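Heads up, input.txt below (compact mmCIF, C-alpha atoms (C1' of nucleotides)):
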# COMPACT_ATOMS: atom_id res chain seq x y z
CA MET V 1 107.44 70.87 100.81
CA ALA V 2 104.09 69.27 100.72
CA LEU V 3 104.43 68.54 104.41
CA GLY V 4 104.49 71.23 107.04
CA LYS V 5 104.61 74.76 105.75
CA ASP V 6 103.88 75.07 102.11
CA TYR V 7 103.66 77.85 99.61
CA VAL V 8 99.91 78.14 99.91
CA ALA V 9 98.40 81.54 99.20
CA GLN V 10 101.25 82.51 96.95
CA ASP V 11 98.80 82.82 94.10
CA CYS V 12 101.48 81.93 91.63
CA SER V 13 102.08 79.06 89.22
CA ILE V 14 105.76 78.98 90.04
CA ALA V 15 104.97 78.45 93.71
CA ARG V 16 102.53 75.69 92.82
CA ALA V 17 105.16 73.98 90.71
CA LEU V 18 107.68 74.23 93.52
CA GLU V 19 105.28 72.54 95.90
CA VAL V 20 105.63 69.47 93.71
CA VAL V 21 109.23 69.59 92.53
CA GLY V 22 110.83 72.12 94.88
CA GLU V 23 112.11 69.81 97.55
CA ARG V 24 115.69 68.68 97.79
CA TRP V 25 116.50 65.84 95.37
CA THR V 26 113.18 65.98 93.54
CA LEU V 27 114.33 67.67 90.34
CA LEU V 28 117.39 65.45 90.20
CA ILE V 29 115.13 62.41 90.34
CA VAL V 30 113.06 63.79 87.47
CA ARG V 31 116.25 64.52 85.55
CA ASP V 32 117.43 60.94 86.01
CA ALA V 33 114.03 59.65 84.99
CA LEU V 34 114.23 61.66 81.77
CA TYR V 35 117.72 60.29 81.18
CA GLY V 36 116.30 56.79 81.33
CA VAL V 37 116.71 55.69 84.94
CA ARG V 38 113.72 53.66 86.04
CA ARG V 39 114.61 51.42 88.95
CA TYR V 40 114.80 52.19 92.64
CA ASN V 41 118.31 50.85 92.99
CA ASP V 42 119.56 52.73 89.98
CA PHE V 43 118.31 56.05 91.34
CA LEU V 44 119.88 55.12 94.66
CA VAL V 45 123.31 54.39 93.23
CA HIS V 46 123.38 57.25 90.77
CA LEU V 47 122.18 59.99 93.11
CA GLY V 48 123.73 58.85 96.38
CA ILE V 49 120.45 59.72 98.06
CA PRO V 50 119.36 58.19 101.38
CA ARG V 51 116.98 55.27 100.87
CA ALA V 52 114.20 56.74 102.99
CA VAL V 53 114.27 60.05 101.11
CA LEU V 54 114.25 58.30 97.75
CA ALA V 55 111.24 56.21 98.73
CA ALA V 56 109.39 59.32 99.94
CA ARG V 57 110.17 61.29 96.79
CA LEU V 58 109.22 58.50 94.41
CA GLN V 59 105.95 58.21 96.29
CA SER V 60 105.14 61.90 96.12
CA LEU V 61 106.17 62.19 92.47
CA THR V 62 103.92 59.24 91.70
CA ASP V 63 101.08 60.86 93.65
CA ALA V 64 101.59 64.07 91.70
CA GLY V 65 101.39 62.23 88.38
CA VAL V 66 104.96 62.99 87.38
CA LEU V 67 106.07 59.36 87.54
CA GLU V 68 104.15 56.15 87.16
CA LYS V 69 105.02 53.05 89.13
CA ARG V 70 104.49 49.77 87.39
CA PRO V 71 105.79 46.21 87.42
CA CYS V 72 108.85 45.64 85.32
CA PRO V 73 107.86 43.75 82.18
CA GLU V 74 110.98 41.56 82.09
CA ALA V 75 111.27 40.60 85.73
CA PRO V 76 107.81 40.58 87.22
CA ARG V 77 108.78 41.09 90.84
CA ARG V 78 110.66 44.29 90.11
CA HIS V 79 109.18 47.70 89.67
CA GLU V 80 109.97 50.60 87.47
CA TYR V 81 109.16 54.27 87.71
CA VAL V 82 108.47 55.81 84.32
CA VAL V 83 107.97 59.49 83.54
CA THR V 84 104.46 60.40 82.51
CA GLU V 85 103.50 63.08 80.01
CA ARG V 86 103.38 65.54 82.91
CA GLY V 87 106.89 64.56 83.86
CA ARG V 88 108.15 64.96 80.31
CA ALA V 89 106.76 68.46 80.29
CA LEU V 90 109.44 69.35 82.83
CA TRP V 91 112.19 68.86 80.27
CA PRO V 92 112.27 72.49 79.05
CA THR V 93 112.54 73.66 82.66
CA LEU V 94 115.43 71.30 83.34
CA ARG V 95 117.12 72.24 80.10
CA ALA V 96 116.84 75.94 80.98
CA LEU V 97 118.17 75.30 84.47
CA GLY V 98 121.05 73.25 83.08
CA THR V 99 122.10 75.89 80.56
CA TRP V 100 121.95 78.47 83.33
CA GLY V 101 124.16 76.35 85.55
CA ARG V 102 126.58 75.76 82.72
CA ASP V 103 126.76 79.41 81.65
CA ALA V 104 126.87 80.85 85.14
CA PHE V 105 129.15 78.38 86.87
CA GLY V 106 130.70 76.14 84.25
CA ASP V 107 134.40 76.21 83.50
CA GLY V 108 133.99 76.34 79.75
CA LYS V 109 134.10 72.59 79.32
CA PRO V 110 130.53 71.38 78.81
CA LEU V 111 129.55 68.21 80.59
CA ARG V 112 126.99 67.02 78.07
CA TYR V 113 125.61 68.01 74.72
CA PHE V 114 121.99 67.63 73.73
CA ARG V 115 121.32 67.48 70.02
CA HIS V 116 118.35 67.10 67.76
CA ALA V 117 119.08 63.67 66.36
CA ALA V 118 117.38 64.39 63.04
CA CYS V 119 119.63 67.31 62.10
CA GLY V 120 122.51 67.22 64.61
CA THR V 121 121.90 70.76 65.85
CA GLU V 122 122.50 71.46 69.52
CA LEU V 123 119.31 72.29 71.38
CA GLY V 124 118.64 75.88 72.33
CA LEU V 125 118.20 77.36 75.76
CA THR V 126 114.96 75.58 76.36
CA ALA V 127 115.05 72.37 74.41
CA GLU V 128 113.92 73.67 71.04
CA CYS V 129 115.87 73.04 67.84
CA PRO V 130 117.22 76.32 66.49
CA ALA V 131 117.50 74.84 62.99
CA CYS V 132 114.14 73.13 62.68
CA GLY V 133 112.38 75.61 64.95
CA GLY V 134 110.21 73.89 67.48
CA LEU V 135 110.25 71.72 70.52
CA VAL V 136 112.06 68.47 69.81
CA PRO V 137 110.25 65.31 70.92
CA LEU V 138 112.20 63.80 73.77
CA GLU V 139 112.76 60.58 71.86
CA ASP V 140 114.62 62.60 69.22
CA VAL V 141 117.05 64.21 71.65
CA GLU V 142 120.49 62.66 71.64
CA MET V 143 122.72 63.20 74.64
CA LEU V 144 126.50 63.01 74.26
CA PRO V 145 129.32 63.33 76.76
CA GLY V 146 131.23 66.59 76.70
CA PRO V 147 134.89 67.27 77.50
CA GLY V 148 134.12 68.12 81.13
CA LEU V 149 132.50 64.80 81.93
CA ASP V 150 134.33 62.17 83.96
CA ALA V 151 135.17 59.53 81.37
CA ASP V 152 135.41 56.65 83.83
CA PRO V 153 132.83 57.01 86.59
CA ALA V 154 132.63 54.54 89.43
CA ASP V 155 128.95 53.68 89.50
CA PRO V 156 127.40 51.52 86.79
CA VAL V 157 124.52 53.90 86.12
CA SER V 158 126.84 56.78 85.28
CA ARG V 159 128.78 54.36 83.10
CA ALA V 160 125.65 53.37 81.24
CA MET V 161 124.89 57.04 80.65
CA LEU V 162 128.25 57.77 79.04
CA GLY V 163 127.68 56.75 75.49
CA PRO V 164 125.62 58.73 73.01
CA ARG V 165 122.05 57.83 73.75
CA ARG V 166 118.51 59.10 73.47
CA LEU V 167 116.50 60.69 76.24
CA LEU V 168 114.02 58.29 77.88
CA GLN V 169 115.87 55.27 76.55
CA PRO V 170 115.85 52.86 79.50
CA ILE V 171 119.16 52.38 81.27
CA ARG V 172 120.20 48.80 81.49
CA ILE V 173 122.83 47.64 83.91
CA ASP V 174 124.62 44.50 82.82
CA PRO V 175 124.67 42.04 85.69
CA VAL V 176 128.36 41.56 86.37
CA MET G 1 122.03 73.32 100.06
CA ALA G 2 125.40 74.89 100.18
CA LEU G 3 125.71 73.82 103.79
CA GLY G 4 125.99 70.22 104.84
CA LYS G 5 125.55 67.69 102.11
CA ASP G 6 125.61 69.12 98.65
CA TYR G 7 125.29 67.76 95.18
CA VAL G 8 129.03 67.55 94.65
CA ALA G 9 130.22 64.89 92.25
CA GLN G 10 126.99 64.91 90.34
CA ASP G 11 128.90 66.03 87.27
CA CYS G 12 125.87 67.84 85.96
CA SER G 13 124.96 71.46 85.26
CA ILE G 14 121.48 71.00 86.65
CA ALA G 15 122.93 69.85 89.97
CA ARG G 16 125.27 72.83 90.01
CA ALA G 17 122.40 75.19 89.39
CA LEU G 18 120.40 73.57 92.17
CA GLU G 19 123.24 74.12 94.59
CA VAL G 20 122.65 77.82 94.14
CA VAL G 21 118.89 78.08 93.68
CA GLY G 22 117.64 74.72 94.87
CA GLU G 23 116.95 75.51 98.49
CA ARG G 24 113.54 76.26 99.83
CA TRP G 25 112.42 79.85 99.11
CA THR G 26 115.35 80.69 96.86
CA LEU G 27 113.59 80.57 93.51
CA LEU G 28 110.65 82.50 94.93
CA ILE G 29 113.03 85.24 96.02
CA VAL G 30 114.51 85.39 92.53
CA ARG G 31 111.00 85.48 91.07
CA ASP G 32 110.07 88.41 93.29
CA ALA G 33 113.29 90.18 92.40
CA LEU G 34 112.45 89.82 88.70
CA TYR G 35 108.98 91.15 89.40
CA GLY G 36 110.55 94.28 90.88
CA VAL G 37 110.83 93.60 94.60
CA ARG G 38 114.05 95.04 95.95
CA ARG G 39 113.77 95.69 99.65
CA TYR G 40 114.20 93.33 102.59
CA ASN G 41 110.87 94.22 104.11
CA ASP G 42 109.02 93.85 100.84
CA PHE G 43 110.35 90.32 100.34
CA LEU G 44 109.44 89.61 103.93
CA VAL G 45 105.85 90.75 103.60
CA HIS G 46 105.23 89.29 100.19
CA LEU G 47 106.70 85.86 100.79
CA GLY G 48 105.79 85.33 104.44
CA ILE G 49 109.28 83.92 104.93
CA PRO G 50 111.01 83.84 108.34
CA ARG G 51 113.39 86.78 108.78
CA ALA G 52 116.42 84.61 109.47
CA VAL G 53 115.88 82.53 106.36
CA LEU G 54 115.39 85.60 104.20
CA ALA G 55 118.61 87.13 105.47
CA ALA G 56 120.50 83.89 104.80
CA ARG G 57 119.09 83.51 101.29
CA LEU G 58 119.72 87.12 100.30
CA GLN G 59 123.27 86.67 101.50
CA SER G 60 123.88 83.48 99.55
CA LEU G 61 122.23 84.84 96.41
CA THR G 62 124.43 87.91 96.69
CA ASP G 63 127.49 85.70 97.16
CA ALA G 64 126.50 83.70 94.09
CA GLY G 65 126.21 86.85 92.00
CA VAL G 66 122.49 86.47 91.39
CA LEU G 67 121.58 89.58 93.36
CA GLU G 68 123.55 92.71 94.13
CA LYS G 69 123.17 94.55 97.41
CA ARG G 70 123.53 98.29 97.28
CA PRO G 71 122.42 101.39 99.10
CA CYS G 72 119.06 102.73 98.05
CA PRO G 73 119.58 105.88 95.96
CA GLU G 74 116.60 107.76 97.42
CA ALA G 75 116.99 106.98 101.11
CA PRO G 76 120.65 106.51 101.86
CA ARG G 77 120.15 104.39 104.97
CA ARG G 78 118.16 101.73 103.17
CA HIS G 79 119.40 98.91 101.00
CA GLU G 80 118.11 97.28 97.91
CA TYR G 81 118.79 93.92 96.34
CA VAL G 82 118.81 94.11 92.56
CA VAL G 83 119.01 91.20 90.13
CA THR G 84 122.24 90.98 88.21
CA GLU G 85 122.63 89.79 84.65
CA ARG G 86 123.15 86.29 86.04
CA GLY G 87 119.91 86.58 87.94
CA ARG G 88 118.03 87.77 84.88
CA ALA G 89 119.25 84.72 83.03
CA LEU G 90 117.01 82.67 85.32
CA TRP G 91 113.88 84.15 83.79
CA PRO G 92 113.43 81.47 81.11
CA THR G 93 113.75 78.78 83.78
CA LEU G 94 111.13 80.46 85.95
CA ARG G 95 108.85 81.01 82.99
CA ALA G 96 109.12 77.34 82.04
CA LEU G 97 108.45 76.28 85.61
CA GLY G 98 105.47 78.59 85.83
CA THR G 99 103.89 77.34 82.62
CA TRP G 100 104.41 73.80 83.84
CA GLY G 101 102.71 74.60 87.13
CA ARG G 102 99.85 76.29 85.33
CA ASP G 103 99.35 73.51 82.77
CA ALA G 104 99.78 70.65 85.21
CA PHE G 105 97.95 71.98 88.25
CA GLY G 106 96.05 75.10 87.21
CA ASP G 107 92.28 75.22 87.17
CA GLY G 108 92.04 76.83 83.76
CA LYS G 109 92.02 80.38 85.08
CA PRO G 110 95.51 81.80 84.54
CA LEU G 111 96.91 83.88 87.37
CA ARG G 112 99.03 86.18 85.26
CA TYR G 113 99.77 86.85 81.64
CA PHE G 114 103.16 87.80 80.32
CA ARG G 115 103.19 89.64 77.02
CA HIS G 116 105.74 91.12 74.70
CA ALA G 117 104.92 94.80 75.15
CA ALA G 118 106.00 95.72 71.63
CA CYS G 119 103.50 93.45 69.89
CA GLY G 120 101.11 92.28 72.61
CA THR G 121 101.76 88.59 71.99
CA GLU G 122 101.77 86.28 74.99
CA LEU G 123 105.19 84.83 75.69
CA GLY G 124 105.87 81.23 74.79
CA LEU G 125 106.83 78.39 77.04
CA THR G 126 110.20 79.82 77.82
CA ALA G 127 109.91 83.57 77.58
CA GLU G 128 110.41 83.97 73.85
CA CYS G 129 107.97 85.89 71.68
CA PRO G 130 106.25 83.53 69.22
CA ALA G 131 105.43 86.41 66.89
CA CYS G 132 108.77 88.21 66.82
CA GLY G 133 110.79 85.04 67.34
CA GLY G 134 113.42 85.53 69.97
CA LEU G 135 114.01 86.09 73.63
CA VAL G 136 112.22 89.22 74.79
CA PRO G 137 114.33 91.62 76.87
CA LEU G 138 112.96 91.60 80.39
CA GLU G 139 112.21 95.30 80.26
CA ASP G 140 109.85 94.63 77.36
CA VAL G 141 107.81 91.99 79.18
CA GLU G 142 104.49 93.24 80.45
CA MET G 143 102.79 91.32 83.24
CA LEU G 144 99.02 91.50 83.65
CA PRO G 145 96.67 89.98 86.18
CA GLY G 146 94.64 87.00 84.99
CA PRO G 147 91.15 85.90 86.01
CA GLY G 148 92.49 83.53 88.66
CA LEU G 149 94.38 86.19 90.59
CA ASP G 150 93.06 87.54 93.87
CA ALA G 151 91.88 91.03 92.94
CA ASP G 152 92.19 92.48 96.43
CA PRO G 153 95.19 91.03 98.24
CA ALA G 154 96.00 91.96 101.81
CA ASP G 155 99.66 92.86 101.63
CA PRO G 156 100.81 96.06 99.95
CA VAL G 157 103.44 94.35 97.80
CA SER G 158 100.87 92.08 96.17
CA ARG G 159 98.68 95.12 95.66
CA ALA G 160 101.49 97.00 93.95
CA MET G 161 101.96 93.99 91.66
CA LEU G 162 98.37 93.94 90.50
CA GLY G 163 98.34 96.50 87.75
CA PRO G 164 99.86 95.91 84.34
CA ARG G 165 103.54 96.53 84.77
CA ARG G 166 106.92 95.67 83.34
CA LEU G 167 109.29 93.08 84.69
CA LEU G 168 112.12 94.59 86.77
CA GLN G 169 110.19 97.80 87.30
CA PRO G 170 110.83 98.62 90.97
CA ILE G 171 107.92 98.11 93.32
CA ARG G 172 107.09 101.18 95.29
CA ILE G 173 104.97 101.00 98.40
CA ASP G 174 103.13 104.22 99.18
CA PRO G 175 103.67 105.07 102.82
CA VAL G 176 100.17 105.01 104.27
C1' DG X 1 117.86 25.30 103.40
C1' DA X 2 121.12 29.00 103.02
C1' DG X 3 122.09 32.80 100.40
C1' DT X 4 120.90 36.71 97.32
C1' DC X 5 118.62 40.53 95.48
C1' DA X 6 115.09 44.41 94.97
C1' DA X 7 112.70 47.45 97.35
C1' DG X 8 111.70 49.08 100.94
C1' DT X 9 111.00 50.49 106.63
C1' DT X 10 112.82 51.82 111.21
C1' DC X 11 115.51 54.49 114.08
C1' DA X 12 118.92 57.59 116.40
C1' DT X 13 121.61 61.53 115.18
C1' DT X 14 122.38 65.66 112.84
C1' DC X 15 120.97 69.65 110.43
C1' DA X 16 117.74 73.21 108.73
C1' DT X 17 113.48 75.81 109.31
C1' DT X 18 110.31 78.26 112.00
C1' DG X 19 108.38 82.08 114.78
C1' DA X 20 109.00 85.00 118.38
C1' DA X 21 111.76 88.14 120.68
C1' DC X 22 115.49 91.11 120.79
C1' DC X 23 119.02 94.55 118.81
C1' DT X 24 120.90 98.77 116.54
C1' DA X 25 121.20 102.82 113.89
C1' DT X 26 118.79 106.58 112.05
C1' DG X 27 115.12 110.01 111.52
C1' DG X 28 110.98 112.72 112.99
C1' DG X 29 107.96 115.16 116.22
C1' DC X 30 107.66 118.04 120.13
C1' DG L 1 116.91 116.25 124.78
C1' DC L 2 113.33 112.54 124.84
C1' DC L 3 110.04 109.33 122.85
C1' DC L 4 108.68 106.61 119.20
C1' DA L 5 108.88 104.47 114.61
C1' DT L 6 111.17 102.14 110.85
C1' DA L 7 114.65 99.24 108.20
C1' DG L 8 117.31 95.57 108.44
C1' DG L 9 118.85 92.61 110.69
C1' DT L 10 120.55 88.69 114.91
C1' DT L 11 119.57 85.23 118.60
C1' DC L 12 117.27 81.47 120.46
C1' DA L 13 114.27 77.37 121.69
C1' DA L 14 111.25 74.18 119.50
C1' DT L 15 110.01 71.65 115.61
C1' DG L 16 110.55 69.17 111.41
C1' DA L 17 113.26 67.02 107.74
C1' DA L 18 117.54 64.68 106.05
C1' DT L 19 121.09 61.37 106.88
C1' DG L 20 123.26 56.74 107.28
C1' DA L 21 123.17 52.44 109.21
C1' DA L 22 120.71 48.49 110.35
C1' DC L 23 116.80 45.70 109.81
C1' DT L 24 112.67 43.53 107.01
C1' DT L 25 110.10 41.15 103.48
C1' DG L 26 109.07 38.35 99.68
C1' DA L 27 110.49 36.19 95.74
C1' DC L 28 113.93 33.44 93.23
C1' DT L 29 118.46 30.46 93.00
C1' DC L 30 121.80 27.04 94.07

Using the file provided, produce a representation of the structure as structure tokens.
Amino acid sequence: MALGKDYVAQDCSIARALEVVGERWTLLIVRDALYGVRRYNDFLVHLGIPRAVLAARLQSLTDAGVLEKRPCPEAPRRHEYVVTERGRALWPTLRALGTWGRDAFGDGKPLRYFRHAACGTELGLTAECPACGGLVPLEDVEMLPGPGLDADPADPVSRAMLGPRRLLQPIRIDPV
Amino acid sequence: MALGKDYVAQDCSIARALEVVGERWTLLIVRDALYGVRRYNDFLVHLGIPRAVLAARLQSLTDAGVLEKRPCPEAPRRHEYVVTERGRALWPTLRALGTWGRDAFGDGKPLRYFRHAACGTELGLTAECPACGGLVPLEDVEMLPGPGLDADPADPVSRAMLGPRRLLQPIRIDPV
DNA sequence: GAGTCAAGTTCATTCATTGAACCTATGGGC
DNA sequence: GCCCATAGGTTCAATGAATGAACTTGACTC
């Protein structure tokens, strides 16, 4: 929404936030980044997004300081996009949106669980731990597949996301 | 996003939620509805949204059970769109998004404060009361103008939103 | 030297958004 | 009865963004 008409003059923090993450695909990219996706091709495969749109979104998210683009440490000619602190701060929003989607439109079979790894308690509405009381550091959030999740997805990124794993833990795709 | 390509097969509650509230303008309409806007023309004036888009979004939000359309009790020929329980459940998401926008892109002068009316404490990141511990019922949330807010806005809806008021309290525009 | 792979860019088509103009039903003033 | 205003839309042409397929570029590999 940065291009063309924007939400200028709305005098509202929500509108300002939506200028950055309100476009189609953008929040899903941030979600994937929090789940550990880092590489252009992995976003591409997992989201099924057109290449041109992905490139544009990664660029604008980088400009906005939500992601950081940097050379991949292992293979120097590759890049990775890593969530910054500002990007991590979107996790409570995404958690709230996800619980809303689940409660409002789910069929009773959760797709994923998010637990505080230290105590095993499922996160509350907005990513806090009801038992320990407080926002759980992202590194301590464990995501697990729920009964509603496709147990044998086609694309390798979804497959890598199946197992219990931590938020932010980089996805690695085994070269076949 | 309901039309054309959608986020089908994403197998994710966030994607499902975005199918309903992810389009341009949609979350701003829900925000206004939570702030007490109820009438077509008030949304129109406050958001500066094209008429056709507003009509389409009100329709799809009504279809999704986020808003309810009903005849206005005072003037029987008018309608109002009122947030349902499902719509109210979006408040923590919007609060989280707003605090993110404020913290990430604000200039230090908050635009609005949201307080728990019973104790005067400012709401936390996601609409809970840090003092009382728990989600505050929307009717008990008081919104107040902050130092960053335009103190003399042009449109009557913004003017009606200036004073300290409760969430959901219907906006009334005095006929000039 | 031919082939591959990551990470894009280019381009024609399709789709959504925009802003202006028009429509319709009611209600009020005279 | 006639004129005008208001609420809540619909229609339409022009613009802008999204899509999918094809093409590009610069390593590295066999």

- Message: With 9 Å as the limit and counting all atoms listed in the file, what residues in chain V lie close to chain G? Please list them as a ChimeraX atom specification.
- Response: /V:1,7,10-18,20,22-25,27-28,31,46-47,86,89-90,92-106,110-112,125-126,148-150

- Could you give me, as a PyMOL selection string, the residues that sit within 12 Å of (125.3, 31.4, 100.0) in the file's coordinates, counting all atoms listed in the file? (chain X and resi 1-4) or (chain L and resi 29-30)

For the interface of chain V with chain X (cut-off 9 Å, counting all atoms listed in the file), please tabulate each contacting residue of chain V alongside its nearest pair of atoms and their separation in Å to one decimal, rows sorted by chain and increasing number, as a tab-separated table.
residue	atom	partner	partner_atom	distance
V:Tyr40	CA	X:DA7	C1'	7.0
V:Asn41	CA	X:DA6	C1'	7.5
V:Arg51	CA	X:DG8	C1'	8.1
V:Ala52	CA	X:DT9	C1'	7.9
V:Ala55	CA	X:DG8	C1'	7.5
V:Arg77	CA	X:DA6	C1'	8.2
V:Arg78	CA	X:DA6	C1'	6.6
V:His79	CA	X:DA7	C1'	8.5

- Task: Point out the residue among V:Val30, V:Val53, V:Arg70, V:Ala118 with the least atom-to-atom distance to chain L, counting all atoms listed in the file.
- Result: V:Val53

Please produce, as CSV, a per-residue contact table for chain L versus chain V (criterion: any atom at most 8 Å away, only C-alpha atoms (C1' of nucleotides) considered), showing the nearest atom pair and its distance in Å to one decimal, sorted by chain then residue number.
residue,atom,partner,partner_atom,distance
L:DG16,C1',V:Gly4,CA,7.8
L:DA18,C1',V:Val53,CA,7.5
L:DT19,C1',V:Pro50,CA,6.6
L:DG20,C1',V:Pro50,CA,7.2
L:DA27,C1',V:Arg77,CA,7.1

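Take atom CA of G:Val45 and atom CA of G:Pro156: the distance between them is 8.2 Å.
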
- Message: Need to verify the contact set: V:Leu67, 10 Å, all atoms listed in the file, exclusion of same-chain residues closer than 4 positions in sequence. Can you return it as a ChimeraX atom specification?
- Response: /V:29-30,33,38,58-63,80-88

Working from the structure I just supplied, which lacks atoms in stretch 42-54 of chain V, can you model N, CA, C and O atoms there and output them as an mmCIF file, keeping the file's coordinate frame?
data_model
loop_
_atom_site.group_PDB
_atom_site.id
_atom_site.type_symbol
_atom_site.label_atom_id
_atom_site.label_comp_id
_atom_site.auth_asym_id
_atom_site.auth_seq_id
_atom_site.Cartn_x
_atom_site.Cartn_y
_atom_site.Cartn_z
ATOM 1 N N ASP V 42 118.741 51.911 90.874
ATOM 2 C CA ASP V 42 119.560 52.730 89.980
ATOM 3 C C ASP V 42 119.544 54.197 90.403
ATOM 4 O O ASP V 42 120.574 54.884 90.387
ATOM 5 N N PHE V 43 118.361 54.697 90.773
ATOM 6 C CA PHE V 43 118.310 56.050 91.340
ATOM 7 C C PHE V 43 119.232 56.135 92.557
ATOM 8 O O PHE V 43 120.010 57.076 92.716
ATOM 9 N N LEU V 44 119.124 55.139 93.408
ATOM 10 C CA LEU V 44 119.880 55.120 94.660
ATOM 11 C C LEU V 44 121.382 55.234 94.394
ATOM 12 O O LEU V 44 122.068 56.076 94.981
ATOM 13 N N VAL V 45 121.873 54.411 93.508
ATOM 14 C CA VAL V 45 123.310 54.390 93.230
ATOM 15 C C VAL V 45 123.744 55.667 92.527
ATOM 16 O O VAL V 45 124.772 56.261 92.858
ATOM 17 N N HIS V 46 122.948 56.111 91.578
ATOM 18 C CA HIS V 46 123.380 57.250 90.770
ATOM 19 C C HIS V 46 123.340 58.557 91.541
ATOM 20 O O HIS V 46 124.188 59.426 91.371
ATOM 21 N N LEU V 47 122.331 58.716 92.414
ATOM 22 C CA LEU V 47 122.180 59.990 93.110
ATOM 23 C C LEU V 47 122.910 60.020 94.456
ATOM 24 O O LEU V 47 123.246 61.094 94.947
ATOM 25 N N GLY V 48 123.150 58.851 95.043
ATOM 26 C CA GLY V 48 123.730 58.850 96.380
ATOM 27 C C GLY V 48 122.770 59.435 97.401
ATOM 28 O O GLY V 48 123.159 60.115 98.351
ATOM 29 N N ILE V 49 121.511 59.187 97.213
ATOM 30 C CA ILE V 49 120.450 59.720 98.060
ATOM 31 C C ILE V 49 120.111 58.701 99.148
ATOM 32 O O ILE V 49 120.212 57.504 98.902
ATOM 33 N N PRO V 50 119.773 59.147 100.353
ATOM 34 C CA PRO V 50 119.360 58.190 101.380
ATOM 35 C C PRO V 50 118.118 57.415 100.942
ATOM 36 O O PRO V 50 117.226 57.959 100.299
ATOM 37 N N ARG V 51 118.073 56.146 101.316
ATOM 38 C CA ARG V 51 116.980 55.270 100.870
ATOM 39 C C ARG V 51 115.614 55.807 101.258
ATOM 40 O O ARG V 51 114.671 55.784 100.462
ATOM 41 N N ALA V 52 115.509 56.282 102.510
ATOM 42 C CA ALA V 52 114.200 56.740 102.990
ATOM 43 C C ALA V 52 113.722 57.942 102.185
ATOM 44 O O ALA V 52 112.537 58.057 101.850
ATOM 45 N N VAL V 53 114.656 58.853 101.867
ATOM 46 C CA VAL V 53 114.270 60.050 101.110
ATOM 47 C C VAL V 53 113.856 59.652 99.704
ATOM 48 O O VAL V 53 112.847 60.142 99.185
ATOM 49 N N LEU V 54 114.613 58.739 99.096
ATOM 50 C CA LEU V 54 114.250 58.300 97.750
ATOM 51 C C LEU V 54 112.845 57.696 97.726
ATOM 52 O O LEU V 54 112.022 58.029 96.871
#
